[in-house]
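Colleague: Following this line is protein10.pdb, made up of PDB, C-alpha atoms:
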```pdb
MODEL        1
ATOM      1  CA  MET F   1      12.793   3.300   8.702
ATOM      2  CA  THR F   2      15.337   5.865   9.862
ATOM      3  CA  ASP F   3      18.916   5.147  10.858
ATOM      4  CA  ASP F   4      17.924   5.056  14.562
ATOM      5  CA  GLY F   5      15.386   2.272  13.886
ATOM      6  CA  CYS F   6      12.249   4.426  14.168
ATOM      7  CA  LEU F   7       9.365   3.730  11.817
ATOM      8  CA  TYR F   8       7.436   6.618  10.253
ATOM      9  CA  ALA F   9       4.257   6.540   8.160
ATOM     10  CA  VAL F  10       4.542   8.621   4.983
ATOM     11  CA  SER F  11       1.686  11.135   5.027
ATOM     12  CA  GLY F  12       2.253  13.477   2.078
ATOM     13  CA  TYR F  13       3.424  13.803  -1.511
ATOM     14  CA  GLU F  14       6.201  16.431  -1.326
ATOM     15  CA  ASN F  15       9.138  14.124  -0.648
ATOM     16  CA  GLU F  16      11.949  15.304  -2.907
ATOM     17  CA  GLU F  17      14.393  16.184  -0.105
ATOM     18  CA  ARG F  18      12.521  15.349   3.083
ATOM     19  CA  ALA F  19       9.776  12.755   3.516
ATOM     20  CA  GLU F  20       6.457  13.990   4.921
ATOM     21  CA  CYS F  21       5.848  11.513   7.734
ATOM     22  CA  VAL F  22       4.331  10.866  11.136
ATOM     23  CA  LEU F  23       6.266   8.832  13.709
ATOM     24  CA  ARG F  24       4.494   5.538  14.521
ATOM     25  CA  TYR F  25       6.930   3.096  16.182
ATOM     26  CA  VAL F  26       9.989   3.648  18.376
ATOM     27  CA  PRO F  27      12.452   0.860  19.295
ATOM     28  CA  THR F  28      12.587   0.283  23.041
ATOM     29  CA  THR F  29      13.524  -2.663  25.261
ATOM     30  CA  ASP F  30      10.090  -2.620  26.956
ATOM     31  CA  GLY F  31       8.103  -2.449  23.720
ATOM     32  CA  ASP F  32       5.102  -4.767  23.425
ATOM     33  CA  ARG F  33       5.583  -5.507  19.701
ATOM     34  CA  VAL F  34       8.443  -7.461  18.180
ATOM     35  CA  SER F  35       9.558  -6.885  14.594
ATOM     36  CA  PRO F  36      10.548  -9.664  12.163
ATOM     37  CA  TRP F  37      14.163  -8.528  12.684
ATOM     38  CA  GLY F  38      13.912  -9.116  16.442
ATOM     39  CA  VAL F  39      13.614  -5.526  17.736
ATOM     40  CA  ARG F  40      10.964  -4.537  20.297
ATOM     41  CA  TYR F  41       8.835  -1.501  19.431
ATOM     42  CA  LYS F  42       6.348   0.789  21.141
ATOM     43  CA  LYS F  43       3.527   2.303  19.115
ATOM     44  CA  TYR F  44       3.037   6.084  19.472
ATOM     45  CA  ASP F  45      -0.230   7.918  18.944
ATOM     46  CA  PHE F  46      -0.334  11.276  17.157
ATOM     47  CA  ALA F  47       0.188  13.554  20.173
ATOM     48  CA  ASP F  48       2.878  11.417  21.837
ATOM     49  CA  ALA F  49       4.733  11.139  18.522
ATOM     50  CA  PHE F  50       5.118  14.922  18.339
ATOM     51  CA  VAL F  51       6.344  15.022  21.934
ATOM     52  CA  TRP F  52       8.972  12.347  21.171
ATOM     53  CA  VAL F  53      10.138  14.101  17.996
ATOM     54  CA  GLN F  54      10.296  17.441  19.817
ATOM     55  CA  GLU F  55      12.622  15.872  22.387
ATOM     56  CA  HIS F  56      14.747  13.609  20.185
ATOM     57  CA  LYS F  57      14.546  14.954  16.630
ATOM     58  CA  PRO F  58      13.423  18.602  16.780
ATOM     59  CA  GLU F  59      14.901  19.211  13.325
ATOM     60  CA  TYR F  60      12.117  16.992  11.936
ATOM     61  CA  LEU F  61       9.280  19.159  13.268
ATOM     62  CA  ASP F  62       6.917  20.824  10.790
ATOM     63  CA  LEU F  63       3.201  20.503  10.032
ATOM     64  CA  VAL F  64       4.126  16.820  10.057
ATOM     65  CA  HIS F  65       7.530  15.217  10.592
ATOM     66  CA  ARG F  66       9.947  16.056   7.767
ATOM     67  CA  VAL F  67      12.588  13.329   7.634
ATOM     68  CA  PRO F  68      15.709  13.984   5.493
ATOM     69  CA  LEU F  69      16.093  11.314   2.819
ATOM     70  CA  THR F  70      19.679  10.847   3.994
ATOM     71  CA  ASP F  71      18.354   9.569   7.364
ATOM     72  CA  ILE F  72      16.189   6.851   5.753
ATOM     73  CA  VAL F  73      17.702   3.364   5.578
ATOM     74  CA  ARG F  74      14.680   1.348   4.442
ATOM     75  CA  VAL F  75      11.340   2.044   2.732
ATOM     76  CA  PHE F  76       8.439  -0.396   3.183
ATOM     77  CA  LYS F  77       6.276  -0.087   0.045
ATOM     78  CA  PRO F  78       2.755  -1.546   0.397
ATOM     79  CA  GLU F  79       2.469  -2.525  -3.276
ATOM     80  CA  GLU F  80       5.757  -4.443  -3.143
ATOM     81  CA  LEU F  81       5.054  -6.274   0.130
ATOM     82  CA  ALA F  82       1.374  -7.191  -0.360
ATOM     83  CA  ALA F  83       2.211 -10.861  -0.939
ATOM     84  CA  ASP F  84       4.348 -10.949   2.220
ATOM     85  CA  VAL F  85       1.481  -9.522   4.276
ATOM     86  CA  ALA F  86      -0.950 -12.063   2.805
ATOM     87  CA  ALA F  87       1.456 -14.924   3.580
ATOM     88  CA  ARG F  88       1.822 -13.796   7.192
ATOM     89  CA  SER F  89      -1.865 -12.984   7.810
ATOM     90  CA  PRO F  90      -4.455 -15.476   6.493
ATOM     91  CA  ARG F  91      -7.277 -13.118   7.497
ATOM     92  CA  ALA F  92      -5.789 -10.281   5.443
ATOM     93  CA  ALA F  93      -5.280 -12.695   2.544
ATOM     94  CA  ARG F  94      -8.959 -13.671   2.638
ATOM     95  CA  LEU F  95      -9.986 -10.016   2.585
ATOM     96  CA  PHE F  96      -7.644  -9.255  -0.315
ATOM     97  CA  SER F  97      -9.202 -12.128  -2.308
ATOM     98  CA  TYR F  98     -12.423 -10.127  -2.755
ATOM     99  CA  PHE F  99     -10.588  -7.438  -4.726
ATOM    100  CA  ASP F 100      -9.455  -7.853  -8.328
ATOM    101  CA  LEU F 101      -6.975  -5.043  -8.923
ATOM    102  CA  PRO F 102      -3.924  -4.688 -11.191
ATOM    103  CA  PRO F 103      -0.605  -5.608  -9.532
ATOM    104  CA  MET F 104       1.299  -2.693  -7.956
ATOM    105  CA  THR F 105      -1.882  -0.595  -7.598
ATOM    106  CA  TRP F 106      -2.635  -1.728  -4.038
ATOM    107  CA  GLY F 107      -1.106  -3.039  -0.838
ATOM    108  CA  CYS F 108      -1.406  -2.990   2.945
ATOM    109  CA  THR F 109       0.040  -0.332   5.200
ATOM    110  CA  GLY F 110       0.110   0.178   8.969
ATOM    111  CA  SER F 111       1.349  -2.401  11.460
ATOM    112  CA  LEU F 112       0.873  -5.307   9.037
ATOM    113  CA  LEU F 113       3.255  -3.704   6.539
ATOM    114  CA  ALA F 114       6.001  -3.434   9.162
ATOM    115  CA  GLY F 115       5.331  -6.860  10.649
ATOM    116  CA  LEU F 116       4.327  -5.317  13.985
ATOM    117  CA  GLU F 117       0.676  -6.387  14.068
ATOM    118  CA  ASN F 118      -1.040  -8.025  17.020
ATOM    119  CA  ASP F 119      -4.378  -9.841  17.356
ATOM    120  CA  ALA F 120      -6.264  -6.537  17.591
ATOM    121  CA  SER F 121      -4.602  -4.846  14.599
ATOM    122  CA  ASP F 122      -6.757  -3.316  11.873
ATOM    123  CA  ILE F 123      -6.189  -4.125   8.203
ATOM    124  CA  ASP F 124      -5.156  -0.922   6.422
ATOM    125  CA  MET F 125      -5.547  -1.639   2.714
ATOM    126  CA  VAL F 126      -4.258   1.163   0.468
ATOM    127  CA  VAL F 127      -5.102   1.596  -3.230
ATOM    128  CA  TYR F 128      -3.505   4.064  -5.637
ATOM    129  CA  GLY F 129      -5.151   6.608  -7.937
ATOM    130  CA  SER F 130      -8.053   5.543 -10.147
ATOM    131  CA  ALA F 131      -7.746   1.919  -8.977
ATOM    132  CA  TRP F 132      -9.150   3.055  -5.625
ATOM    133  CA  PHE F 133     -12.533   3.773  -7.171
ATOM    134  CA  THR F 134     -12.527   0.286  -8.709
ATOM    135  CA  ALA F 135     -11.787  -1.146  -5.259
ATOM    136  CA  GLN F 136     -14.600   0.943  -3.768
ATOM    137  CA  GLN F 137     -17.058  -0.520  -6.297
ATOM    138  CA  GLN F 138     -15.774  -4.041  -5.623
ATOM    139  CA  LEU F 139     -16.253  -3.570  -1.885
ATOM    140  CA  MET F 140     -19.769  -2.276  -2.506
ATOM    141  CA  SER F 141     -20.563  -5.363  -4.615
ATOM    142  CA  ALA F 142     -19.043  -7.747  -2.063
ATOM    143  CA  VAL F 143     -21.171  -6.258   0.718
ATOM    144  CA  ALA F 144     -24.325  -6.346  -1.436
ATOM    145  CA  ALA F 145     -23.664 -10.030  -2.207
ATOM    146  CA  GLY F 146     -23.091 -10.851   1.472
ATOM    147  CA  LYS F 147     -19.481 -11.910   0.888
ATOM    148  CA  ILE F 148     -18.266  -9.157   3.214
ATOM    149  CA  PRO F 149     -20.738  -8.277   5.988
ATOM    150  CA  ALA F 150     -22.069  -4.786   6.475
ATOM    151  CA  MET F 151     -20.563  -2.971   9.441
ATOM    152  CA  SER F 152     -22.212  -4.001  12.696
ATOM    153  CA  GLU F 153     -23.826  -1.477  15.025
ATOM    154  CA  GLU F 154     -21.155  -2.315  17.592
ATOM    155  CA  MET F 155     -18.351  -1.545  15.118
ATOM    156  CA  TRP F 156     -19.999   1.720  13.996
ATOM    157  CA  GLN F 157     -20.227   2.758  17.656
ATOM    158  CA  LYS F 158     -16.578   1.852  18.201
ATOM    159  CA  VAL F 159     -15.466   3.940  15.211
ATOM    160  CA  TYR F 160     -17.678   6.860  16.278
ATOM    161  CA  ASN F 161     -16.308   6.821  19.834
ATOM    162  CA  LYS F 162     -12.748   6.735  18.484
ATOM    163  CA  ARG F 163     -13.362   9.637  16.097
ATOM    164  CA  VAL F 164     -15.581  11.678  18.502
ATOM    165  CA  PRO F 165     -16.840  13.890  15.636
ATOM    166  CA  ASP F 166     -18.889  17.041  16.143
ATOM    167  CA  ILE F 167     -21.917  15.474  14.461
ATOM    168  CA  SER F 168     -24.482  13.042  15.863
ATOM    169  CA  PHE F 169     -24.029   9.279  15.680
ATOM    170  CA  ASP F 170     -26.941   8.941  13.260
ATOM    171  CA  ASP F 171     -25.544  11.624  10.930
ATOM    172  CA  PHE F 172     -22.097  10.032  11.158
ATOM    173  CA  VAL F 173     -23.387   6.607  10.089
ATOM    174  CA  LEU F 174     -25.580   8.153   7.374
ATOM    175  CA  HIS F 175     -22.499   9.702   5.758
ATOM    176  CA  GLU F 176     -20.118   6.814   6.402
ATOM    177  CA  SER F 177     -22.384   4.041   5.146
ATOM    178  CA  ARG F 178     -22.317   5.373   1.575
ATOM    179  CA  LYS F 179     -18.530   5.855   1.361
ATOM    180  CA  PHE F 180     -17.454   2.180   1.220
ATOM    181  CA  ASN F 181     -13.958   3.109   2.419
ATOM    182  CA  ARG F 182     -14.064   1.034   5.593
ATOM    183  CA  GLY F 183     -15.613  -2.167   6.809
ATOM    184  CA  GLU F 184     -15.598  -5.160   9.125
ATOM    185  CA  PHE F 185     -14.199  -8.552   8.164
ATOM    186  CA  GLU F 186     -14.067 -11.622  10.397
ATOM    187  CA  GLY F 187     -14.480  -9.366  13.414
ATOM    188  CA  THR F 188     -11.645  -7.058  12.346
ATOM    189  CA  TYR F 189     -11.977  -3.434  11.257
ATOM    190  CA  PHE F 190     -10.428  -2.522   7.914
ATOM    191  CA  ASP F 191      -9.826   0.681   5.952
ATOM    192  CA  LEU F 192      -9.781   1.142   2.194
ATOM    193  CA  LEU F 193      -7.336   4.048   2.023
ATOM    194  CA  TYR F 194      -6.874   6.303  -0.985
ATOM    195  CA  SER F 195      -3.448   7.451  -2.144
ATOM    196  CA  ARG F 196      -2.623   9.301  -5.326
ATOM    197  CA  GLY F 197      -0.878   7.249  -7.979
ATOM    198  CA  TYR F 198       2.555   8.100  -9.342
ATOM    199  CA  ASP F 199       0.850   9.659 -12.377
ATOM    200  CA  ASN F 200      -1.028  12.264 -10.318
ATOM    201  CA  LEU F 201       1.226  12.898  -7.303
ATOM    202  CA  HIS F 202       1.338  16.641  -7.965
ATOM    203  CA  SER F 203      -2.149  17.151  -9.409
ATOM    204  CA  VAL F 204      -2.767  19.940  -6.873
ATOM    205  CA  PRO F 205      -0.358  22.544  -5.446
ATOM    206  CA  PRO F 206       1.582  21.529  -2.296
ATOM    207  CA  ILE F 207      -0.438  21.758   0.913
ATOM    208  CA  THR F 208       1.238  24.481   2.971
ATOM    209  CA  LEU F 209       0.440  26.484   6.080
ATOM    210  CA  GLY F 210      -1.412  29.701   5.256
ATOM    211  CA  ARG F 211      -2.253  32.857   7.170
ATOM    212  CA  LYS F 212      -5.156  32.195   9.519
ATOM    213  CA  THR F 213      -7.834  34.882   9.436
ATOM    214  CA  GLY F 214     -10.571  33.436  11.639
ATOM    215  CA  LYS F 215     -13.211  30.739  11.820
ATOM    216  CA  THR F 216     -16.392  30.444   9.781
ATOM    217  CA  THR F 217     -19.211  28.171   8.664
ATOM    218  CA  ILE F 218     -20.189  28.008   5.010
ATOM    219  CA  GLU F 219     -22.611  26.321   2.649
ATOM    220  CA  ALA F 220     -21.383  25.806  -0.908
ATOM    221  CA  THR F 221     -21.822  23.581  -3.955
ATOM    222  CA  VAL F 222     -19.034  21.029  -4.408
ATOM    223  CA  THR F 223     -17.696  21.374  -7.967
ATOM    224  CA  ASP F 224     -14.995  18.682  -7.720
ATOM    225  CA  ALA F 225     -14.711  15.924  -5.108
ATOM    226  CA  SER F 226     -12.279  13.698  -7.026
ATOM    227  CA  LEU F 227      -9.699  14.077  -4.207
ATOM    228  CA  ALA F 228     -12.201  14.009  -1.357
ATOM    229  CA  PHE F 229     -10.833  10.660  -0.114
ATOM    230  CA  ASP F 230      -7.218  11.855  -0.236
ATOM    231  CA  SER F 231      -5.178  12.967   2.790
ATOM    232  CA  PRO F 232      -6.098  15.727   3.252
ATOM    233  CA  GLY F 233      -9.486  15.373   1.598
ATOM    234  CA  ILE F 234      -9.930  18.203  -0.916
ATOM    235  CA  TYR F 235     -13.222  19.753  -2.046
ATOM    236  CA  LEU F 236     -13.367  22.448  -4.727
ATOM    237  CA  VAL F 237     -16.404  24.600  -4.004
ATOM    238  CA  ASP F 238     -18.432  27.352  -5.628
ATOM    239  CA  HIS F 239     -18.444  30.020  -2.929
ATOM    240  CA  GLU F 240     -17.920  33.764  -2.985
ATOM    241  CA  GLU F 241     -15.084  33.657  -0.425
ATOM    242  CA  ILE F 242     -13.773  30.074  -0.118
ATOM    243  CA  ASP F 243     -12.010  28.260  -2.985
ATOM    244  CA  LEU F 244     -11.138  24.963  -1.306
ATOM    245  CA  VAL F 245     -12.332  23.034   1.734
ATOM    246  CA  LEU F 246      -9.675  20.676   3.124
ATOM    247  CA  SER F 247     -10.209  17.925   5.687
ATOM    248  CA  PHE F 248      -7.104  16.949   7.649
ATOM    249  CA  THR F 249      -9.137  14.392   9.593
ATOM    250  CA  HIS F 250     -10.114  11.065   8.034
ATOM    251  CA  THR F 251     -13.574  11.507   9.561
ATOM    252  CA  TYR F 252     -14.645  14.047   6.948
ATOM    253  CA  CYS F 253     -12.849  12.659   3.889
ATOM    254  CA  GLY F 254     -15.351  11.598   1.220
ATOM    255  CA  GLN F 255     -18.094  13.345   3.171
ATOM    256  CA  CYS F 256     -19.615  15.113   0.127
ATOM    257  CA  PHE F 257     -19.874  14.186  -3.535
ATOM    258  CA  THR F 258     -19.568  16.414  -6.603
ATOM    259  CA  GLY F 259     -22.723  18.472  -7.112
ATOM    260  CA  GLU F 260     -23.863  18.270  -3.500
ATOM    261  CA  THR F 261     -24.257  21.173  -1.085
ATOM    262  CA  LEU F 262     -21.541  21.071   1.551
ATOM    263  CA  GLU F 263     -21.800  22.631   4.998
ATOM    264  CA  ALA F 264     -18.454  23.080   6.720
ATOM    265  CA  CYS F 265     -17.119  24.770   9.823
ATOM    266  CA  GLY F 266     -13.399  25.374  10.124
ATOM    267  CA  VAL F 267     -10.496  27.803  10.130
ATOM    268  CA  VAL F 268      -9.979  30.209   7.217
ATOM    269  CA  GLU F 269      -6.487  30.436   5.711
ATOM    270  CA  GLU F 270      -5.176  32.780   3.041
ATOM    271  CA  HIS F 271      -2.979  31.138   0.376
ATOM    272  CA  GLY F 272      -1.913  33.775  -2.143
ATOM    273  CA  ASP F 273      -4.907  34.493  -4.345
ATOM    274  CA  GLN F 274      -6.888  31.597  -2.844
ATOM    275  CA  THR F 275      -8.780  31.209   0.423
ATOM    276  CA  TRP F 276      -9.053  27.783   2.028
ATOM    277  CA  LEU F 277     -11.301  26.486   4.803
ATOM    278  CA  ILE F 278      -9.396  24.009   6.981
ATOM    279  CA  VAL F 279     -11.226  21.293   8.920
ATOM    280  CA  GLY F 280      -9.121  19.253  11.318
ATOM    281  CA  THR F 281      -6.765  21.899  12.680
ATOM    282  CA  THR F 282      -6.398  19.704  15.769
ATOM    283  CA  ARG F 283      -6.342  15.911  16.129
ATOM    284  CA  GLU F 284      -9.871  15.819  17.589
ATOM    285  CA  ALA F 285     -11.206  18.628  15.329
ATOM    286  CA  HIS F 286     -13.590  19.809  18.055
ATOM    287  CA  GLY F 287     -15.885  22.540  16.752
ATOM    288  CA  GLU F 288     -15.022  21.692  13.123
ATOM    289  CA  TYR F 289     -17.009  19.495  10.753
ATOM    290  CA  ILE F 290     -18.151  18.790   7.193
ATOM    291  CA  VAL F 291     -21.578  17.443   6.293
ATOM    292  CA  SER F 292     -23.560  17.032   3.097
ATOM    293  CA  ARG F 293     -26.650  19.190   3.377
ATOM    294  CA  THR F 294     -27.975  17.398   0.301
ATOM    295  CA  LEU F 295     -27.819  14.072   2.145
ATOM    296  CA  LEU F 296     -29.160  15.375   5.446
ATOM    297  CA  ASP F 297     -32.052  17.246   3.850
ATOM    298  CA  GLN F 298     -33.262  14.322   1.769
TER     299      GLN F 298
ENDMDL
END
```
Before we go any further, please render this structure as structure tokens.

Modeller:
Amino acid sequence: MTDDGCLYAVSGYENEERAECVLRYVPTTDGDRVSPWGVRYKKYDFADAFVWVQEHKPEYLDLVHRVPLTDIVRVFKPEELAADVAARSPRAARLFSYFDLPPMTWGCTGSLLAGLENDASDIDMVVYGSAWFTAQQQLMSAVAAGKIPAMSEEMWQKVYNKRVPDISFDDFVLHESRKFNRGEFEGTYFDLLYSRGYDNLHSVPPITLGRKTGKTTIEATVTDASLAFDSPGIYLVDHEEIDLVLSFTHTYCGQCFTGETLEACGVVEEHGDQTWLIVGTTREAHGEYIVSRTLLDQ
């Protein structure tokens, strides 16, 4: 929370002087959500958030919103407030009960973290570092045992229509159904979000804006997908021109596994002695995609 009461979601790892964020909630007398401290808030989507920051806090504008640490008056940490979320939301508590993870390796982010949820709010569970892969396996086991239902056709269609990806519905579900990073619980959508742990915050160089040189489509073998579920999702590839494929849209995170053949269409950027292919250069990522050719060709 900044000193003007706005709430930002941290979205990056380079936060030494300014926090990499995206504006989510703005205090306003006509807001439809009320915080635990009695302030009304309005939720802002991605595009409207940039418009508001451009008008009110232009000094924050960057690839994301870069908030000076001196402007921050409170930090809501998911791992520290998980018990509070569970106490306030019985449904979230029941979902959490299916995961057996070490304390301080997981929590809940989004509206539930800030106490601004409503009846339609998703459950945004976040897990740090290697514990995320344990959580993924636990979700897979819970679904296989029928403790957590598989996603319904209606929910898949809802997610697809929200994401509007440049791949067919069938191909979307084919990829998504093996990721086990989202689900449906008691009629509510939930995410299992990956975040790097404190021990691997800087395991890759900072994600910066490079020099755009055009658009291309490639096929390449994925040599390392260990950060494919990160934000952005990162794929190291064996390709004569492209070193990394990055997905800035959640739609294509975790899309390919190590050893698979990736097909990707995006914007080429030069970064020193490396060349990156960027997918998700706009919010909708129209004309950009990542698919696993290995999966589709099976």

Colleague: Within 12 Å of segment 145-158 of chain F, which residues of segment 32-108 of chain F show up? Give each one with its shortest atom-to-atom distance in Å (one decimal) and the two atoms involved, counting all atoms listed in the file, rows by chain then rising residue number, as a tab-separated table.

Modeller:
```
residue	atom	partner	partner_atom	distance
F:Arg94	CA	F:Ile148	CA	10.4
F:Leu95	CA	F:Ile148	CA	8.3
F:Phe96	CA	F:Ile148	CA	11.2
F:Ser97	CA	F:Lys147	CA	10.8
F:Tyr98	CA	F:Lys147	CA	8.1
F:Phe99	CA	F:Ile148	CA	11.2
```

Colleague: For this structure, which residues satisfy the selection - the PyMOL selection byres ((chain F and resi 84) around 12) - when it is evaluated on the file as given? I want them as a PyMOL selection string.

Modeller: chain F and resi 36+76-83+85-90+92-93+107-109+112-115

Colleague: Between F:Trp276, F:Thr208, F:Val173, F:Ala19, single out the one closest to His239 of chain F, counting all atoms listed in the file.

Modeller: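 Closest candidate: F:Trp276.
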
Colleague: In terms of the shortest atom-to-atom distance over only C-alpha atoms, which of F:Glu14, F:Asp3, F:Glu288, F:Asp30 is closest to Pro165 of chain F?

Modeller: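 Answer, going by the shortest atom-to-atom distance: F:Glu288.
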
Colleague: Could you jot down the atom CA of Leu227 of chain F to atom CA of Thr294 of chain F separation for me, Å, one decimal place?

Modeller: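 Separating atom CA of Leu227 of chain F from atom CA of Thr294 of chain F is a distance of 19.1 Å.
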
Colleague: Hey, can you check how far atom CA of Thr134 of chain F sits from atom CA of Asp100 of chain F?

Modeller: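 Here the two named atoms are 8.7 Å from each other.
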
Colleague: With the input short on atoms, add all heavy atoms back to segment 95-103 of chain F and write it as a PDB file, in the coordinates of the input.

Modeller:
```
ATOM      1  N   LEU F  95      -9.388 -11.296   2.960  1.00  0.00           N
ATOM      2  CA  LEU F  95      -9.986 -10.016   2.585  1.00  0.00           C
ATOM      3  C   LEU F  95      -9.499  -9.579   1.211  1.00  0.00           C
ATOM      4  O   LEU F  95     -10.297  -9.167   0.351  1.00  0.00           O
ATOM      5  CB  LEU F  95      -9.647  -8.942   3.628  1.00  0.00           C
ATOM      6  CG  LEU F  95     -10.116  -7.515   3.306  1.00  0.00           C
ATOM      7  CD1 LEU F  95     -11.636  -7.440   3.218  1.00  0.00           C
ATOM      8  CD2 LEU F  95      -9.596  -6.521   4.343  1.00  0.00           C
ATOM      9  N   PHE F  96      -8.208  -9.667   0.974  1.00  0.00           N
ATOM     10  CA  PHE F  96      -7.644  -9.255  -0.315  1.00  0.00           C
ATOM     11  C   PHE F  96      -8.277 -10.027  -1.478  1.00  0.00           C
ATOM     12  O   PHE F  96      -8.369  -9.506  -2.593  1.00  0.00           O
ATOM     13  CB  PHE F  96      -6.128  -9.488  -0.343  1.00  0.00           C
ATOM     14  CG  PHE F  96      -5.338  -8.704   0.681  1.00  0.00           C
ATOM     15  CD1 PHE F  96      -4.053  -9.110   1.033  1.00  0.00           C
ATOM     16  CD2 PHE F  96      -5.869  -7.579   1.297  1.00  0.00           C
ATOM     17  CE1 PHE F  96      -3.312  -8.395   1.972  1.00  0.00           C
ATOM     18  CE2 PHE F  96      -5.135  -6.867   2.241  1.00  0.00           C
ATOM     19  CZ  PHE F  96      -3.865  -7.284   2.583  1.00  0.00           C
ATOM     20  N   SER F  97      -8.692 -11.277  -1.229  1.00  0.00           N
ATOM     21  CA  SER F  97      -9.202 -12.128  -2.308  1.00  0.00           C
ATOM     22  C   SER F  97     -10.499 -11.598  -2.918  1.00  0.00           C
ATOM     23  O   SER F  97     -10.868 -12.015  -4.021  1.00  0.00           O
ATOM     24  CB  SER F  97      -9.419 -13.553  -1.784  1.00  0.00           C
ATOM     25  OG  SER F  97     -10.538 -13.620  -0.907  1.00  0.00           O
ATOM     26  N   TYR F  98     -11.180 -10.691  -2.227  1.00  0.00           N
ATOM     27  CA  TYR F  98     -12.423 -10.127  -2.755  1.00  0.00           C
ATOM     28  C   TYR F  98     -12.175  -8.932  -3.676  1.00  0.00           C
ATOM     29  O   TYR F  98     -13.128  -8.360  -4.216  1.00  0.00           O
ATOM     30  CB  TYR F  98     -13.350  -9.724  -1.604  1.00  0.00           C
ATOM     31  CG  TYR F  98     -13.888 -10.922  -0.859  1.00  0.00           C
ATOM     32  CD1 TYR F  98     -13.442 -11.226   0.423  1.00  0.00           C
ATOM     33  CD2 TYR F  98     -14.831 -11.760  -1.449  1.00  0.00           C
ATOM     34  CE1 TYR F  98     -13.911 -12.337   1.101  1.00  0.00           C
ATOM     35  CE2 TYR F  98     -15.319 -12.873  -0.773  1.00  0.00           C
ATOM     36  CZ  TYR F  98     -14.857 -13.157   0.498  1.00  0.00           C
ATOM     37  OH  TYR F  98     -15.327 -14.265   1.170  1.00  0.00           O
ATOM     38  N   PHE F  99     -10.925  -8.556  -3.855  1.00  0.00           N
ATOM     39  CA  PHE F  99     -10.588  -7.438  -4.726  1.00  0.00           C
ATOM     40  C   PHE F  99      -9.777  -7.942  -5.923  1.00  0.00           C
ATOM     41  O   PHE F  99      -8.851  -8.735  -5.764  1.00  0.00           O
ATOM     42  CB  PHE F  99      -9.781  -6.383  -3.958  1.00  0.00           C
ATOM     43  CG  PHE F  99     -10.550  -5.749  -2.829  1.00  0.00           C
ATOM     44  CD1 PHE F  99     -10.518  -6.306  -1.554  1.00  0.00           C
ATOM     45  CD2 PHE F  99     -11.306  -4.615  -3.048  1.00  0.00           C
ATOM     46  CE1 PHE F  99     -11.234  -5.733  -0.513  1.00  0.00           C
ATOM     47  CE2 PHE F  99     -12.026  -4.027  -2.014  1.00  0.00           C
ATOM     48  CZ  PHE F  99     -11.994  -4.593  -0.748  1.00  0.00           C
ATOM     49  N   ASP F 100     -10.162  -7.490  -7.098  1.00  0.00           N
ATOM     50  CA  ASP F 100      -9.455  -7.853  -8.328  1.00  0.00           C
ATOM     51  C   ASP F 100      -8.874  -6.575  -8.920  1.00  0.00           C
ATOM     52  O   ASP F 100      -9.534  -5.853  -9.665  1.00  0.00           O
ATOM     53  CB  ASP F 100     -10.422  -8.511  -9.317  1.00  0.00           C
ATOM     54  CG  ASP F 100      -9.724  -8.965 -10.590  1.00  0.00           C
ATOM     55  OD1 ASP F 100      -8.480  -9.015 -10.597  1.00  0.00           O
ATOM     56  OD2 ASP F 100     -10.427  -9.244 -11.584  1.00  0.00           O
ATOM     57  N   LEU F 101      -7.625  -6.294  -8.544  1.00  0.00           N
ATOM     58  CA  LEU F 101      -6.975  -5.043  -8.923  1.00  0.00           C
ATOM     59  C   LEU F 101      -5.650  -5.339  -9.616  1.00  0.00           C
ATOM     60  O   LEU F 101      -5.000  -6.347  -9.312  1.00  0.00           O
ATOM     61  CB  LEU F 101      -6.716  -4.186  -7.674  1.00  0.00           C
ATOM     62  CG  LEU F 101      -7.958  -3.800  -6.863  1.00  0.00           C
ATOM     63  CD1 LEU F 101      -7.546  -3.256  -5.500  1.00  0.00           C
ATOM     64  CD2 LEU F 101      -8.793  -2.780  -7.616  1.00  0.00           C
ATOM     65  N   PRO F 102      -5.207  -4.463 -10.516  1.00  0.00           N
ATOM     66  CA  PRO F 102      -3.924  -4.688 -11.191  1.00  0.00           C
ATOM     67  C   PRO F 102      -2.774  -4.732 -10.184  1.00  0.00           C
ATOM     68  O   PRO F 102      -2.791  -4.013  -9.170  1.00  0.00           O
ATOM     69  CB  PRO F 102      -3.792  -3.479 -12.123  1.00  0.00           C
ATOM     70  CG  PRO F 102      -5.191  -2.992 -12.328  1.00  0.00           C
ATOM     71  CD  PRO F 102      -5.895  -3.264 -11.039  1.00  0.00           C
ATOM     72  N   PRO F 103      -1.776  -5.575 -10.420  1.00  0.00           N
ATOM     73  CA  PRO F 103      -0.605  -5.608  -9.532  1.00  0.00           C
ATOM     74  C   PRO F 103       0.034  -4.222  -9.420  1.00  0.00           C
ATOM     75  O   PRO F 103      -0.009  -3.418 -10.354  1.00  0.00           O
ATOM     76  CB  PRO F 103       0.345  -6.592 -10.240  1.00  0.00           C
ATOM     77  CG  PRO F 103      -0.544  -7.435 -11.087  1.00  0.00           C
ATOM     78  CD  PRO F 103      -1.660  -6.532 -11.529  1.00  0.00           C
TER      79      PRO F 103
END
```
